[in-house]
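A.B. asks: Next up, my_file.cif (mmCIF, C-alpha atoms).
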data_model
loop_
_atom_site.group_PDB
_atom_site.id
_atom_site.type_symbol
_atom_site.label_atom_id
_atom_site.label_comp_id
_atom_site.auth_asym_id
_atom_site.auth_seq_id
_atom_site.Cartn_x
_atom_site.Cartn_y
_atom_site.Cartn_z
ATOM 1 C CA MET K 1 130.796 127.811 90.207
ATOM 2 C CA LYS K 2 131.160 125.075 87.615
ATOM 3 C CA ILE K 3 130.938 125.287 83.837
ATOM 4 C CA ALA K 4 130.121 122.368 81.529
ATOM 5 C CA VAL K 5 131.836 121.752 78.212
ATOM 6 C CA VAL K 6 129.643 119.369 76.219
ATOM 7 C CA GLN K 7 131.308 116.578 74.260
ATOM 8 C CA PHE K 8 129.587 115.130 71.217
ATOM 9 C CA PRO K 9 131.156 112.430 69.099
ATOM 10 C CA GLY K 10 133.144 114.576 66.673
ATOM 11 C CA SER K 11 133.656 117.589 68.936
ATOM 12 C CA ASN K 12 137.235 118.751 68.525
ATOM 13 C CA CYS K 13 137.425 122.070 70.381
ATOM 14 C CA ASP K 14 136.245 120.612 73.675
ATOM 15 C CA GLN K 15 139.781 120.591 75.096
ATOM 16 C CA ASP K 16 140.384 124.165 73.923
ATOM 17 C CA CYS K 17 137.246 125.332 75.720
ATOM 18 C CA LEU K 18 138.029 123.418 78.888
ATOM 19 C CA ARG K 19 141.613 124.697 79.016
ATOM 20 C CA ALA K 20 140.494 128.268 78.380
ATOM 21 C CA LEU K 21 138.375 127.979 81.517
ATOM 22 C CA THR K 22 140.607 125.883 83.777
ATOM 23 C CA ASP K 23 144.036 127.189 82.728
ATOM 24 C CA GLY K 24 143.143 130.601 81.366
ATOM 25 C CA LEU K 25 140.703 131.606 84.085
ATOM 26 C CA ARG K 26 141.315 129.065 86.852
ATOM 27 C CA VAL K 27 137.637 128.274 87.161
ATOM 28 C CA SER K 28 136.081 124.867 87.592
ATOM 29 C CA ALA K 29 134.951 123.240 84.349
ATOM 30 C CA GLU K 30 134.087 119.665 83.410
ATOM 31 C CA TYR K 31 133.236 117.720 80.301
ATOM 32 C CA LEU K 32 129.642 116.654 79.902
ATOM 33 C CA TRP K 33 129.095 113.665 77.595
ATOM 34 C CA HIS K 34 126.267 113.897 75.067
ATOM 35 C CA LYS K 35 124.502 110.866 76.591
ATOM 36 C CA GLU K 36 124.076 112.620 79.940
ATOM 37 C CA THR K 37 120.582 113.624 80.904
ATOM 38 C CA SER K 38 121.199 116.282 83.533
ATOM 39 C CA VAL K 39 123.014 119.604 83.847
ATOM 40 C CA SER K 40 122.492 119.889 87.584
ATOM 41 C CA GLY K 41 125.530 121.233 89.399
ATOM 42 C CA PHE K 42 126.517 123.386 86.428
ATOM 43 C CA ASP K 43 126.038 127.133 86.145
ATOM 44 C CA ALA K 44 126.729 127.595 82.441
ATOM 45 C CA ILE K 45 127.132 125.497 79.306
ATOM 46 C CA VAL K 46 129.680 125.658 76.507
ATOM 47 C CA LEU K 47 128.923 123.860 73.230
ATOM 48 C CA PRO K 48 132.323 123.565 71.567
ATOM 49 C CA GLY K 49 133.326 123.474 67.933
ATOM 50 C CA GLY K 50 133.991 120.419 65.833
ATOM 51 C CA PHE K 51 132.033 118.127 63.572
ATOM 52 C CA SER K 52 129.428 116.584 65.845
ATOM 53 C CA TYR K 53 128.136 113.312 64.395
ATOM 54 C CA GLY K 54 130.324 113.925 61.356
ATOM 55 C CA ASP K 55 128.155 116.895 60.342
ATOM 56 C CA TYR K 56 125.933 114.304 58.660
ATOM 57 C CA LEU K 57 122.706 115.586 57.097
ATOM 58 C CA ARG K 58 123.421 119.195 58.182
ATOM 59 C CA CYS K 59 125.867 120.673 60.679
ATOM 60 C CA GLY K 60 124.370 120.293 64.145
ATOM 61 C CA ALA K 61 121.236 118.534 62.908
ATOM 62 C CA ILE K 62 121.871 115.231 64.643
ATOM 63 C CA ALA K 63 123.538 116.636 67.771
ATOM 64 C CA ARG K 64 120.320 118.482 68.393
ATOM 65 C CA PHE K 65 118.570 115.192 69.167
ATOM 66 C CA SER K 66 121.173 113.926 71.633
ATOM 67 C CA PRO K 67 119.948 113.362 75.207
ATOM 68 C CA ILE K 68 122.019 116.243 76.632
ATOM 69 C CA MET K 69 120.485 118.750 74.200
ATOM 70 C CA ARG K 70 117.000 118.075 75.501
ATOM 71 C CA VAL K 71 118.060 119.189 79.001
ATOM 72 C CA ILE K 72 120.151 122.071 77.657
ATOM 73 C CA VAL K 73 117.131 123.451 75.799
ATOM 74 C CA ARG K 74 115.178 123.354 79.059
ATOM 75 C CA ALA K 75 118.040 124.934 81.045
ATOM 76 C CA ALA K 76 118.487 127.657 78.415
ATOM 77 C CA ASN K 77 114.791 128.450 78.511
ATOM 78 C CA ASP K 78 115.104 128.720 82.303
ATOM 79 C CA GLY K 79 117.842 131.335 81.880
ATOM 80 C CA MET K 80 121.106 129.416 82.190
ATOM 81 C CA PRO K 81 123.928 131.039 80.194
ATOM 82 C CA VAL K 82 124.760 128.920 77.131
ATOM 83 C CA ILE K 83 127.362 129.671 74.487
ATOM 84 C CA GLY K 84 127.787 127.763 71.234
ATOM 85 C CA ILE K 85 131.045 128.260 69.395
ATOM 86 C CA CYS K 86 131.326 127.301 65.716
ATOM 87 C CA ASN K 87 129.669 123.864 65.527
ATOM 88 C CA GLY K 88 128.052 124.797 68.858
ATOM 89 C CA PHE K 89 126.424 127.803 67.142
ATOM 90 C CA GLN K 90 125.138 125.520 64.375
ATOM 91 C CA ILE K 91 123.671 123.180 66.999
ATOM 92 C CA LEU K 92 121.916 126.069 68.811
ATOM 93 C CA CYS K 93 120.308 127.158 65.528
ATOM 94 C CA GLU K 94 119.226 123.608 64.682
ATOM 95 C CA ALA K 95 117.808 123.237 68.192
ATOM 96 C CA GLY K 96 115.738 126.366 67.702
ATOM 97 C CA LEU K 97 117.402 128.210 70.596
ATOM 98 C CA LEU K 98 118.711 130.792 68.136
ATOM 99 C CA PRO K 99 117.037 132.007 64.928
ATOM 100 C CA GLY K 100 118.391 131.516 61.408
ATOM 101 C CA ALA K 101 120.842 128.959 60.065
ATOM 102 C CA LEU K 102 124.473 128.580 59.063
ATOM 103 C CA ILE K 103 125.009 127.554 55.474
ATOM 104 C CA ARG K 104 127.930 126.781 53.207
ATOM 105 C CA ASN K 105 130.482 129.603 52.954
ATOM 106 C CA GLN K 106 129.785 131.713 49.904
ATOM 107 C CA SER K 107 133.305 131.019 48.598
ATOM 108 C CA LEU K 108 132.757 127.254 49.086
ATOM 109 C CA HIS K 109 136.158 127.257 50.821
ATOM 110 C CA PHE K 110 136.823 126.174 54.364
ATOM 111 C CA VAL K 111 138.065 129.410 55.952
ATOM 112 C CA CYS K 112 140.726 129.202 58.627
ATOM 113 C CA GLN K 113 142.037 132.675 59.443
ATOM 114 C CA PRO K 114 142.025 135.394 62.073
ATOM 115 C CA VAL K 115 139.194 137.931 61.854
ATOM 116 C CA TRP K 116 138.279 141.235 63.474
ATOM 117 C CA LEU K 117 135.007 141.384 65.364
ATOM 118 C CA ARG K 118 133.005 144.354 66.490
ATOM 119 C CA VAL K 119 131.122 143.890 69.741
ATOM 120 C CA GLU K 120 127.550 145.031 69.133
ATOM 121 C CA THR K 121 126.132 144.560 72.615
ATOM 122 C CA GLU K 122 127.499 144.163 76.141
ATOM 123 C CA GLU K 123 124.126 142.939 77.280
ATOM 124 C CA THR K 124 124.850 139.213 77.366
ATOM 125 C CA PRO K 125 126.619 137.147 80.038
ATOM 126 C CA PHE K 126 129.485 136.612 77.585
ATOM 127 C CA THR K 127 130.047 140.203 76.499
ATOM 128 C CA ALA K 128 129.468 142.176 79.717
ATOM 129 C CA LYS K 129 133.158 143.074 79.999
ATOM 130 C CA LEU K 130 133.713 143.874 76.344
ATOM 131 C CA ASP K 131 134.300 147.287 74.819
ATOM 132 C CA LYS K 132 132.201 148.148 71.752
ATOM 133 C CA GLU K 133 134.880 150.590 70.641
ATOM 134 C CA ARG K 134 137.667 148.013 70.515
ATOM 135 C CA PRO K 135 137.427 145.267 67.867
ATOM 136 C CA LEU K 136 138.450 141.765 68.959
ATOM 137 C CA TRP K 137 140.883 139.537 67.100
ATOM 138 C CA MET K 138 140.397 135.784 66.996
ATOM 139 C CA PRO K 139 140.303 132.969 64.441
ATOM 140 C CA VAL K 140 137.467 131.442 62.464
ATOM 141 C CA ALA K 141 137.702 127.885 61.125
ATOM 142 C CA HIS K 142 134.643 126.609 59.309
ATOM 143 C CA GLY K 143 133.156 125.504 56.014
ATOM 144 C CA GLU K 144 129.552 126.283 56.913
ATOM 145 C CA GLY K 145 129.495 129.576 58.758
ATOM 146 C CA SER K 146 127.541 131.844 56.479
ATOM 147 C CA TYR K 147 124.721 133.229 58.584
ATOM 148 C CA PHE K 148 121.338 133.169 56.866
ATOM 149 C CA ALA K 149 117.923 134.344 58.006
ATOM 150 C CA GLU K 150 114.809 135.657 56.283
ATOM 151 C CA PRO K 151 114.519 139.472 56.075
ATOM 152 C CA ALA K 152 111.870 139.590 58.819
ATOM 153 C CA THR K 153 114.128 137.620 61.162
ATOM 154 C CA LEU K 154 117.086 139.879 60.388
ATOM 155 C CA ALA K 155 114.983 142.969 61.066
ATOM 156 C CA ALA K 156 113.876 141.518 64.410
ATOM 157 C CA LEU K 157 117.472 140.665 65.334
ATOM 158 C CA GLU K 158 118.520 144.247 64.645
ATOM 159 C CA SER K 159 115.624 145.937 66.393
ATOM 160 C CA LYS K 160 115.994 143.770 69.502
ATOM 161 C CA ARG K 161 119.780 144.220 69.470
ATOM 162 C CA GLN K 162 120.397 140.480 69.201
ATOM 163 C CA VAL K 163 123.383 140.787 66.892
ATOM 164 C CA VAL K 164 126.324 140.272 69.256
ATOM 165 C CA PHE K 165 129.332 140.258 66.901
ATOM 166 C CA ARG K 166 129.959 141.443 63.353
ATOM 167 C CA TYR K 167 132.900 140.860 61.041
ATOM 168 C CA VAL K 168 134.690 144.169 60.534
ATOM 169 C CA ASP K 169 138.059 145.476 59.418
ATOM 170 C CA GLU K 170 140.811 146.437 61.816
ATOM 171 C CA SER K 171 139.332 149.876 62.384
ATOM 172 C CA GLY K 172 135.906 148.461 63.186
ATOM 173 C CA ARG K 173 134.227 149.187 59.862
ATOM 174 C CA ARG K 174 131.828 146.683 58.375
ATOM 175 C CA THR K 175 133.102 145.913 54.889
ATOM 176 C CA ARG K 176 132.531 143.243 52.297
ATOM 177 C CA GLU K 177 136.203 142.244 52.442
ATOM 178 C CA SER K 178 136.093 141.676 56.196
ATOM 179 C CA ASN K 179 133.253 139.155 55.842
ATOM 180 C CA PRO K 180 134.993 135.743 55.582
ATOM 181 C CA ASN K 181 131.984 133.622 54.648
ATOM 182 C CA GLY K 182 129.197 135.718 53.124
ATOM 183 C CA SER K 183 127.185 136.033 56.335
ATOM 184 C CA MET K 184 124.187 138.323 56.008
ATOM 185 C CA LEU K 185 124.868 141.782 57.495
ATOM 186 C CA ASN K 186 128.367 140.498 58.440
ATOM 187 C CA ILE K 187 126.810 138.638 61.363
ATOM 188 C CA ALA K 188 129.371 136.607 63.326
ATOM 189 C CA GLY K 189 127.355 136.017 66.480
ATOM 190 C CA ILE K 190 123.835 136.487 67.847
ATOM 191 C CA CYS K 191 121.881 135.968 71.059
ATOM 192 C CA ASN K 192 118.329 134.931 71.869
ATOM 193 C CA GLU K 193 115.694 137.406 72.991
ATOM 194 C CA ALA K 194 116.328 136.615 76.643
ATOM 195 C CA ARG K 195 120.042 137.276 75.930
ATOM 196 C CA ASN K 196 121.348 134.250 77.902
ATOM 197 C CA VAL K 197 122.069 132.115 74.809
ATOM 198 C CA VAL K 198 124.881 133.255 72.506
ATOM 199 C CA GLY K 199 126.137 131.620 69.314
ATOM 200 C CA MET K 200 129.234 132.675 67.400
ATOM 201 C CA MET K 201 131.336 131.265 64.575
ATOM 202 C CA PRO K 202 134.727 132.711 65.687
ATOM 203 C CA HIS K 203 136.745 130.900 68.335
ATOM 204 C CA PRO K 204 137.380 132.682 71.652
ATOM 205 C CA ASP K 205 138.641 129.279 72.828
ATOM 206 C CA ARG K 206 141.560 129.654 70.421
ATOM 207 C CA ALA K 207 142.451 133.160 71.591
ATOM 208 C CA TRP K 208 142.827 133.186 75.369
ATOM 209 C CA ASP K 209 146.600 133.302 75.791
ATOM 210 C CA ARG K 210 149.355 135.410 74.258
ATOM 211 C CA ARG K 211 150.957 132.188 73.024
ATOM 212 C CA LEU K 212 147.888 131.621 70.860
ATOM 213 C CA GLY K 213 148.333 134.991 69.167
ATOM 214 C CA SER K 214 145.530 136.806 70.977
ATOM 215 C CA GLU K 215 144.012 137.100 74.425
ATOM 216 C CA ASP K 216 140.798 138.718 73.242
ATOM 217 C CA GLY K 217 138.786 135.527 73.571
ATOM 218 C CA LYS K 218 139.556 135.365 77.270
ATOM 219 C CA LEU K 219 137.402 138.462 77.799
ATOM 220 C CA LEU K 220 134.295 136.493 76.860
ATOM 221 C CA PHE K 221 134.961 133.799 79.433
ATOM 222 C CA GLU K 222 135.873 136.445 82.032
ATOM 223 C CA SER K 223 132.573 138.170 81.309
ATOM 224 C CA LEU K 224 130.763 134.902 81.973
ATOM 225 C CA VAL K 225 132.608 134.285 85.239
ATOM 226 C CA GLU K 226 131.931 137.830 86.440
ATOM 227 C CA THR K 227 128.265 137.560 85.507
ATOM 228 C CA LEU K 228 127.941 134.262 87.371
ATOM 229 C CA GLU K 229 129.769 135.637 90.406
ATOM 230 C CA SER K 230 127.603 138.729 90.599
ATOM 231 C CA ALA K 231 124.498 136.554 90.265
ATOM 232 C CA VAL K 232 125.651 134.540 93.296
ATOM 233 C CA THR K 233 126.209 137.604 95.468
ATOM 234 C CA LEU K 234 122.909 139.244 94.508
ATOM 235 C CA MET U 235 112.445 86.644 54.256
ATOM 236 C CA MET U 236 110.938 89.964 55.262
ATOM 237 C CA GLY U 237 107.653 91.311 54.010
ATOM 238 C CA ALA U 238 107.254 94.070 51.475
ATOM 239 C CA LEU U 239 108.922 97.255 52.513
ATOM 240 C CA MET U 240 107.361 100.637 52.088
ATOM 241 C CA LYS U 241 109.699 102.953 50.257
ATOM 242 C CA VAL U 242 109.544 106.699 50.689
ATOM 243 C CA HIS U 243 111.699 109.209 48.891
ATOM 244 C CA VAL U 244 112.368 112.615 50.381
ATOM 245 C CA ILE U 245 113.829 115.385 48.244
ATOM 246 C CA VAL U 246 115.359 118.295 50.123
ATOM 247 C CA MET U 247 116.216 121.473 48.211
ATOM 248 C CA PRO U 248 117.636 124.826 49.281
ATOM 249 C CA LYS U 249 114.894 127.462 49.326
ATOM 250 C CA GLN U 250 114.779 129.890 46.420
ATOM 251 C CA SER U 251 115.648 132.742 48.800
ATOM 252 C CA VAL U 252 118.810 130.953 49.938
ATOM 253 C CA LEU U 253 121.957 131.470 47.928
ATOM 254 C CA ASP U 254 123.275 128.074 46.827
ATOM 255 C CA PRO U 255 126.997 128.612 46.137
ATOM 256 C CA GLN U 256 127.418 124.917 45.386
ATOM 257 C CA GLY U 257 124.809 125.129 42.641
ATOM 258 C CA VAL U 258 126.498 128.229 41.215
ATOM 259 C CA ALA U 259 129.859 126.420 41.158
ATOM 260 C CA VAL U 260 128.325 123.425 39.348
ATOM 261 C CA ARG U 261 126.586 125.739 36.855
ATOM 262 C CA ASN U 262 129.877 127.502 36.154
ATOM 263 C CA ALA U 263 131.595 124.145 35.683
ATOM 264 C CA LEU U 264 128.896 123.118 33.205
ATOM 265 C CA ARG U 265 129.521 126.342 31.277
ATOM 266 C CA ASP U 266 133.235 125.595 31.289
ATOM 267 C CA TYR U 267 132.320 122.124 30.029
ATOM 268 C CA GLY U 268 130.837 123.823 27.010
ATOM 269 C CA LEU U 269 127.162 123.836 27.928
ATOM 270 C CA ASP U 270 126.477 127.511 27.337
ATOM 271 C CA THR U 271 122.685 127.137 27.555
ATOM 272 C CA ILE U 272 122.744 126.217 31.238
ATOM 273 C CA GLU U 273 120.919 128.848 33.253
ATOM 274 C CA SER U 274 121.051 127.639 36.841
ATOM 275 C CA VAL U 275 121.787 124.618 39.019
ATOM 276 C CA ARG U 276 120.624 123.986 42.561
ATOM 277 C CA VAL U 277 122.056 121.162 44.614
ATOM 278 C CA GLY U 278 119.847 119.346 47.100
ATOM 279 C CA LYS U 279 119.586 115.965 48.789
ATOM 280 C CA PHE U 280 117.741 112.790 47.973
ATOM 281 C CA LEU U 281 116.893 110.450 50.839
ATOM 282 C CA GLU U 282 115.512 106.958 50.433
ATOM 283 C CA LEU U 283 113.649 105.632 53.462
ATOM 284 C CA GLU U 284 112.373 102.088 53.820
ATOM 285 C CA PHE U 285 109.787 101.175 56.421
ATOM 286 C CA ARG U 286 108.494 97.845 57.645
ATOM 287 C CA THR U 287 105.388 99.672 58.778
ATOM 288 C CA PRO U 288 104.962 103.093 57.237
ATOM 289 C CA PRO U 289 104.394 105.969 59.641
ATOM 290 C CA GLY U 290 101.336 108.114 59.155
ATOM 291 C CA GLU U 291 101.489 111.039 56.784
ATOM 292 C CA ILE U 292 101.497 113.513 59.649
ATOM 293 C CA LYS U 293 104.390 111.744 61.350
ATOM 294 C CA LEU U 294 106.354 111.685 58.120
ATOM 295 C CA GLU U 295 105.811 115.410 57.566
ATOM 296 C CA GLU U 296 106.936 115.972 61.146
ATOM 297 C CA LEU U 297 110.202 114.110 60.728
ATOM 298 C CA CYS U 298 110.880 115.884 57.444
ATOM 299 C CA ARG U 299 110.399 119.234 59.167
ATOM 300 C CA ASP U 300 112.279 118.393 62.377
ATOM 301 C CA LEU U 301 115.217 116.362 61.150
ATOM 302 C CA LEU U 302 115.497 115.627 57.436
ATOM 303 C CA SER U 303 115.242 119.277 56.424
ATOM 304 C CA ASN U 304 115.779 122.635 58.096
ATOM 305 C CA PRO U 305 112.716 124.748 57.249
ATOM 306 C CA VAL U 306 114.757 127.949 57.664
ATOM 307 C CA ILE U 307 116.822 127.165 54.579
ATOM 308 C CA GLU U 308 115.252 124.157 52.850
ATOM 309 C CA ASP U 309 112.029 122.863 51.308
ATOM 310 C CA TYR U 310 111.180 119.160 51.090
ATOM 311 C CA LYS U 311 108.987 116.947 48.998
ATOM 312 C CA ILE U 312 107.778 113.449 49.914
ATOM 313 C CA GLN U 313 107.233 110.764 47.287
ATOM 314 C CA TYR U 314 105.479 107.545 48.264
ATOM 315 C CA HIS U 315 106.177 104.250 46.564
ATOM 316 C CA ALA U 316 103.569 101.964 48.103
ATOM 317 C CA GLY U 317 104.368 98.256 48.328
ATOM 318 C CA ALA U 318 107.699 98.590 46.555
ATOM 319 C CA GLU U 319 110.347 95.866 46.497
ATOM 320 C CA SER U 320 110.785 93.248 49.163
ATOM 321 C CA LYS U 321 114.140 92.432 50.647
ATOM 322 C CA GLN U 322 115.676 89.036 51.332
#
Starting from the coordinates I provided, produce the structure as structure tokens.
C.D. replies:
Amino acid sequence: MKIAVVQFPGSNCDQDCLRALTDGLRVSAEYLWHKETSVSGFDAIVLPGGFSYGDYLRCGAIARFSPIMRVIVRAANDGMPVIGICNGFQILCEAGLLPGALIRNQSLHFVCQPVWLRVETEETPFTAKLDKERPLWMPVAHGEGSYFAEPATLAALESKRQVVFRYVDESGRRTRESNPNGSMLNIAGICNEARNVVGMMPHPDRAWDRRLGSEDGKLLFESLVETLESAVTL
Amino acid sequence: MMGALMKVHVIVMPKQSVLDPQGVAVRNALRDYGLDTIESVRVGKFLELEFRTPPGEIKLEELCRDLLSNPVIEDYKIQYHAGAESKQ
């Protein structure tokens, strides 16, 4: 099993993601440069956070046209697990792999703080091991993380259970105060209809070791590894 | 000396249904400035493209949709300036 961590010019959470996998989970993971044109040999893809291409034009807009994204779109449509974290989520939306868009935080402030997340579905490769009853604690760090979609899109996301994470308070309640950026319906993460592509603004890659203040993020990567392992044995 | 360049302006604006917190902040600043008749401000982008050979209208619409704007949150408008300035 080998997991790819994509590097765009301007990625800055690539090392966090790689270390979460190699040091936190002891699984094989390698960087994949944005100029590459193949994902063969990899079983899953991580699009890390950062400011790909300087966030010029719109966050993720230019990364979407990089050579690696063309093959990732194909691989995702063929069912390969793909997770986009922060800037990675923005790229997945720009690439059309996930619906909606991430716009400027309602407060206009860059938010850098820990948040509580409620797990809304275990039915993705990245949430299979998670407990819907226990909120997760991990940081967000973004200026453009306010999730926006038209009402029809939001209704479809809800009815098809594609909302994966929501900002909540410590007891798991969805409140206005627990929403750090003005995201519609407190949405922090979503998946595609096929459920193999997940995007989220919070950073599991910054919460996989007690020394980082939380180990909750590790559960997402463990879910992925378990899903991949069970797929191999099937 | 290059030939005449075709200039195209693209204006990208947040859709009406999208909250524009930047516009709200600028409006509030204008009120603080003393302009109490200001009702609303929306902040968009203005892009100036110059072509040696202009692409077709369909191609231009395509690149506005695919790259220069995000149709989920933005609208765009194309303004043509045929046979504009030439550049040294």
A.B. asks: Care to translate the PyMOL selection byres ((chain U) within 9 of (chain K)) into actual residues of this file, as a list in words?
C.D. replies: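 That selection, the PyMOL selection byres ((chain U) within 9 of (chain K)), comes back as Ser251, Val252, Leu253, Asp254, Pro255, Gln256, Ala259, Lys279, Asp300, Leu301, Leu302, Ser303, Asn304, Val306 and Ile307 of chain U.
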A.B. asks: K:Ala156, K:Asp205, K:Arg70, K:Ala75: which is nearest Gln15 in chain K, counting all atoms listed in the file?
C.D. replies: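 The closest residue to Gln15 in chain K is K:Asp205.
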A.B. asks: Taking into account only C-alpha atoms, which residue in the set U:Lys249, U:His243, U:His315, U:Arg265 is nearest to Gly278 in chain U?
C.D. replies: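 Of the candidates, the smallest distance to Gly278 in chain U is held by U:Lys249.
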A.B. asks: State, in Å with one decimal place, the distance from CA of Leu269 in chain U to CA of His109 in chain K.
C.D. replies: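 Computing it gives 24.8 Å between the two atoms.
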A.B. asks: Could you state which residues are captured by the PyMOL selection byres ((chain K and resi 126-132) around 9) in this file, as a count of residues only?
C.D. replies: 25
A.B. asks: Given all atoms listed in the file as the basis, pick out the residue of K:Ser28, K:Asn181, K:Ser38, K:Ser11 nearest to Asn87 in chain K.
C.D. replies: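 Nearest to Asn87 in chain K: K:Ser11.
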A.B. asks: Determine the nearest neighbour of Ser274 in chain U from the options U:Arg261, U:Arg299, U:Lys293, U:Lys241, counting all atoms listed in the file.
C.D. replies: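 With all atoms listed in the file as the atom set, the closest residue is U:Arg261.
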A.B. asks: Please write the residues picked by the PyMOL selection byres ((chain K and resi 49) around 8) on this file as a list in words.
C.D. replies: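 With the shown file as input, the PyMOL selection byres ((chain K and resi 49) around 8) matches Ser11, Asn12, Cys13, Asp14, Leu47, Pro48, Gly50, Phe51, Gly84, Ile85, Cys86, Asn87 and Gly88 of chain K.
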A.B. asks: Please indicate the distance in Å from CA of Leu97 in chain K to CA of Gly79 in chain K, rounded to one decimal place.
C.D. replies: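 Taking CA of Leu97 in chain K as the start and CA of Gly79 in chain K as the end point, the length is 11.7 Å.
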A.B. asks: Any idea what the distance is between CA of Ala188 in chain K and CA of Val140 in chain K?
C.D. replies: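 According to the coordinates, CA of Ala188 in chain K and CA of Val140 in chain K are separated by 9.6 Å.
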A.B. asks: Looking at K:Leu18, K:Met201, K:Val163, K:Leu212, which one is nearest to Ala141 in chain K, with distances taken over only C-alpha atoms?
C.D. replies: K:Met201
A.B. asks: Please, what is the axis-aligned box for every listed atom of range 60-70 of chain K with 5 Å on each side, as centre and edge lengths in Å to one decimal, as lines of an AutoDock Vina configuration file?
C.D. replies:
center_x = 120.7
center_y = 116.8
center_z = 69.8
size_x = 17.4
size_y = 16.9
size_z = 23.7
A.B. asks: List the spatial neighbours of Val275 in chain U as a ChimeraX atom specification - criterion: any atom at most 7 Å away, all atoms listed in the file, same-chain residues fewer than 4 positions off excluded.
C.D. replies: /U:257-258,260-261
A.B. asks: Could you give me, as a PyMOL selection string, the residues within 9 Å of Val73 in chain K, counting all atoms listed in the file and dropping anything in the same chain fewer than 3 positions from it?
C.D. replies: chain K and resi 68-70+76-78+92+95-97
A.B. asks: Atoms to include: C-alpha atoms. Write the selected residues as a PDB file, in the coordinates of the input.
C.D. replies:
ATOM      1  CA  ILE K  68     122.019 116.243  76.632  1.00  0.00           C
ATOM      2  CA  MET K  69     120.485 118.750  74.200  1.00  0.00           C
ATOM      3  CA  ARG K  70     117.000 118.075  75.501  1.00  0.00           C
ATOM      4  CA  ALA K  76     118.487 127.657  78.415  1.00  0.00           C
ATOM      5  CA  ASN K  77     114.791 128.450  78.511  1.00  0.00           C
ATOM      6  CA  ASP K  78     115.104 128.720  82.303  1.00  0.00           C
ATOM      7  CA  LEU K  92     121.916 126.069  68.811  1.00  0.00           C
ATOM      8  CA  ALA K  95     117.808 123.237  68.192  1.00  0.00           C
ATOM      9  CA  GLY K  96     115.738 126.366  67.702  1.00  0.00           C
ATOM     10  CA  LEU K  97     117.402 128.210  70.596  1.00  0.00           C
TER      11      LEU K  97
END
A.B. asks: Hey, which of K:Leu117, K:Ile72, K:Met138, K:Met1 ends up closest to Phe165 in chain K? Count all atoms listed in the file.
C.D. replies: K:Leu117
A.B. asks: Considering all atoms listed in the file, return as a PyMOL selection string whatever protein or nucleic-acid residues lie within 8 Å of Glu284 in chain U, sequence-local ones (same chain, fewer than 4 positions apart) excluded.
C.D. replies: chain U and resi 239-242
